[in-house]
Amino acid sequence: MAESTPNYPKTAACTCGALTVSVTAPPVSIHACACLECQRRSGSVFSCTAFYARADATVRGAFKSHRRVAESGRFNESNFCPECGCTVFSRLEAWPDVIGVTIGCFADPAFEQPGTLYWSSRRHGWLATPPGVATVERQ
Ligand SMILES: [Zn+2]
Ligand SMILES: [Zn+2]
């Protein structure tokens with residue numbers, strides 16, 4: 001469970017601002033993931049996602065979706081702005097009652113840190129894990 005902060009609601013947005021997700025309560029969980037698929041999807045060396053109860057999140061604006069199938073055989077759906085291509089939120093077949101919001105889209109350097117880094121076995125060698133972040137070799 002992520003630590004709660006008082007500054008809600010808050011809004012995540014794509015780089016052009018057309019696609020947003022507003023949340024009214026703290027996330028139920030925050031994950032980083034260094035799997036190779038997240039590296040490709042994010043264009044970075046890991047993804048960082050805050051998961052909210054669907055009832056606490058409101059999506060505004062047009063989006064396109066892409067589903068990839070995880071090792072588990074279930075889909076992980078990225079939802080991105082058709083104009084600027086930025087992934088703002090995701091949905092997991094394995095976890096239907098939550099919506100994952102890409103933490104970078106909050107543009108908030110004070111955002112709570114992730115509780116877990118998944119796929120640490122795929123982590124780039126220079127990437128250290130700070131105290132308080134558990135690592136899981138796979139998922
Ligand atoms: Zn956009
Ligand atoms: Zn991943």
# chains A, B, ... in the order shown; residues from 1 in each chain; ligands from 1
call {"tool": "select_by_dssp", "arguments": {"residues": "chain A", "states": "helix (DSSP H, G or I)", "output": "CSV table (one decimal) with N, CA and C atoms, in the first residue's frame"}}
result
chain,number,residue,atom,x,y,z
A,36,LEU,N,11.7,-6.1,-20.6
A,36,LEU,CA,12.1,-5.5,-21.9
A,36,LEU,C,10.9,-4.9,-22.7
A,37,GLU,N,9.7,-5.4,-22.4
A,37,GLU,CA,8.5,-4.8,-23.1
A,37,GLU,C,8.2,-3.4,-22.5
A,38,CYS,N,8.4,-3.3,-21.2
A,38,CYS,CA,8.2,-1.9,-20.6
A,38,CYS,C,9.3,-1.0,-21.1
A,39,GLN,N,10.5,-1.5,-21.3
A,39,GLN,CA,11.6,-0.7,-21.8
A,39,GLN,C,11.2,-0.2,-23.2
A,40,ARG,N,10.7,-1.1,-24.1
A,40,ARG,CA,10.3,-0.6,-25.4
A,40,ARG,C,9.1,0.3,-25.4
A,41,ARG,N,8.1,0.0,-24.6
A,41,ARG,CA,6.9,0.8,-24.5
A,41,ARG,C,7.2,2.2,-24.1
A,42,SER,N,8.0,2.3,-23.0
A,42,SER,CA,8.3,3.6,-22.4
A,42,SER,C,9.4,4.4,-23.2
A,54,ARG,N,-10.5,1.9,-10.1
A,54,ARG,CA,-11.2,2.6,-11.3
A,54,ARG,C,-12.2,3.6,-10.9
A,55,ALA,N,-12.8,3.4,-9.8
A,55,ALA,CA,-13.8,4.4,-9.3
A,55,ALA,C,-13.2,5.7,-9.0
A,56,ASP,N,-11.9,5.7,-8.7
A,56,ASP,CA,-11.2,7.0,-8.3
A,56,ASP,C,-10.6,7.7,-9.5
A,103,ILE,N,3.4,7.3,-14.2
A,103,ILE,CA,3.8,8.4,-13.2
A,103,ILE,C,4.4,9.6,-13.8
A,104,GLY,N,5.2,9.5,-14.8
A,104,GLY,CA,5.8,10.6,-15.5
A,104,GLY,C,4.7,11.6,-15.9
A,105,CYS,N,3.5,11.2,-16.3
A,105,CYS,CA,2.5,12.1,-16.8
A,105,CYS,C,1.9,13.0,-15.7
A,106,PHE,N,2.2,12.7,-14.5
A,106,PHE,CA,1.9,13.7,-13.4
A,106,PHE,C,2.8,14.9,-13.4
A,120,SER,N,13.7,-7.2,-12.1
A,120,SER,CA,15.0,-6.6,-11.8
A,120,SER,C,16.1,-7.3,-12.5
A,121,SER,N,15.8,-8.6,-13.0
A,121,SER,CA,16.8,-9.3,-13.8
A,121,SER,C,17.0,-8.7,-15.1
A,122,ARG,N,16.2,-7.8,-15.6
A,122,ARG,CA,16.4,-7.1,-16.8
A,122,ARG,C,16.8,-5.6,-16.6
call {"tool": "residues_near_ligand", "arguments": {"ligand": "ligand 1", "cutoff": "7 Å", "atoms": "only C-alpha atoms and all ligand atoms", "output": "list of chain:residue names"}}
result
A:Cys14, A:Thr15, A:Cys16, A:Gly17, A:Ala18, A:Leu19, A:Cys81, A:Pro82, A:Glu83, A:Cys84, A:Gly85, A:Cys86
call {"tool": "select_by_dssp", "arguments": {"residues": "segment 3-92 of chain A", "states": "strand (DSSP E or B)", "output": "number ranges by chain"}}
result
A: 10-13, 20-23, 29-33, 47-53, 57-60, 64-69, 75-80, 87-92
call {"tool": "write_last_selection", "arguments": {"atoms": "C-alpha atoms", "output": "CSV table (one decimal), in the first residue's frame"}}
result
chain,number,residue,atom,x,y,z
A,10,LYS,CA,-4.4,15.4,-9.3
A,11,THR,CA,-4.2,15.0,-13.0
A,12,ALA,CA,-1.9,13.1,-15.3
A,13,ALA,CA,-1.6,14.4,-18.9
A,20,THR,CA,-5.8,13.3,-19.1
A,21,VAL,CA,-6.5,11.0,-16.2
A,22,SER,CA,-7.7,12.7,-13.0
A,23,VAL,CA,-7.5,10.8,-9.7
A,29,SER,CA,0.0,0.4,-5.4
A,30,ILE,CA,3.0,1.8,-7.3
A,31,HIS,CA,5.2,-0.4,-9.4
A,32,ALA,CA,8.3,0.1,-11.5
A,33,CYS,CA,9.1,-2.6,-14.1
A,47,SER,CA,8.3,1.9,-16.5
A,48,CYS,CA,6.8,3.5,-13.5
A,49,THR,CA,3.0,3.1,-12.9
A,50,ALA,CA,0.6,4.1,-10.1
A,51,PHE,CA,-2.5,1.9,-9.8
A,52,TYR,CA,-5.8,3.5,-8.8
A,53,ALA,CA,-9.2,2.0,-8.1
A,57,ALA,CA,-10.0,7.7,-11.8
A,58,THR,CA,-11.6,9.7,-14.7
A,59,VAL,CA,-10.2,9.6,-18.2
A,60,ARG,CA,-10.8,12.6,-20.5
A,64,LYS,CA,-5.8,4.6,-28.9
A,65,SER,CA,-5.0,1.2,-27.3
A,66,HIS,CA,-2.5,-1.4,-27.8
A,67,ARG,CA,-2.6,-4.8,-26.1
A,68,ARG,CA,0.4,-7.0,-25.6
A,69,VAL,CA,0.3,-10.4,-24.0
A,75,PHE,CA,-3.1,-8.8,-21.8
A,76,ASN,CA,-1.5,-5.5,-20.7
A,77,GLU,CA,-3.1,-2.7,-22.5
A,78,SER,CA,-1.4,0.7,-23.1
A,79,ASN,CA,-3.6,3.6,-23.8
A,80,PHE,CA,-2.0,6.6,-25.6
A,87,THR,CA,1.0,6.5,-23.0
A,88,VAL,CA,-1.0,8.0,-20.1
A,89,PHE,CA,-2.7,4.9,-18.7
A,90,SER,CA,-2.8,1.1,-18.8
A,91,ARG,CA,-5.2,-1.7,-18.0
A,92,LEU,CA,-4.3,-5.2,-17.0
call {"tool": "closest_residue", "arguments": {"among": "A:Glu93, A:Gly132, A:Pro9, A:Leu117", "to": "ligand 2", "atoms": "only C-alpha atoms and all ligand atoms"}}
result
A:Leu117
call {"tool": "closest_residue", "arguments": {"among": "A:Phe63, A:Tyr8, A:Phe111, A:Tyr118", "to": "ligand 2", "atoms": "only C-alpha atoms and all ligand atoms"}}
result
A:Tyr118
call {"tool": "atom_distance", "arguments": {"atom1": "atom CA of Val101 of chain A", "atom2": "atom CA of Cys35 of chain A"}}
result
17.4 Å
call {"tool": "closest_residue", "arguments": {"among": "A:Ala34, A:Pro109, A:Gly61, A:Ala94", "to": "ligand 2", "atoms": "only C-alpha atoms and all ligand atoms"}}
result
A:Ala34
call {"tool": "closest_residue", "arguments": {"among": "A:Thr116, A:Asn7, A:Thr135, A:Phe46", "to": "ligand 2", "atoms": "only C-alpha atoms and all ligand atoms"}}
result
A:Phe46
call {"tool": "atom_distance", "arguments": {"atom1": "atom CA of Ala70 of chain A", "atom2": "atom CA of Ser44 of chain A"}}
result
18.7 Å
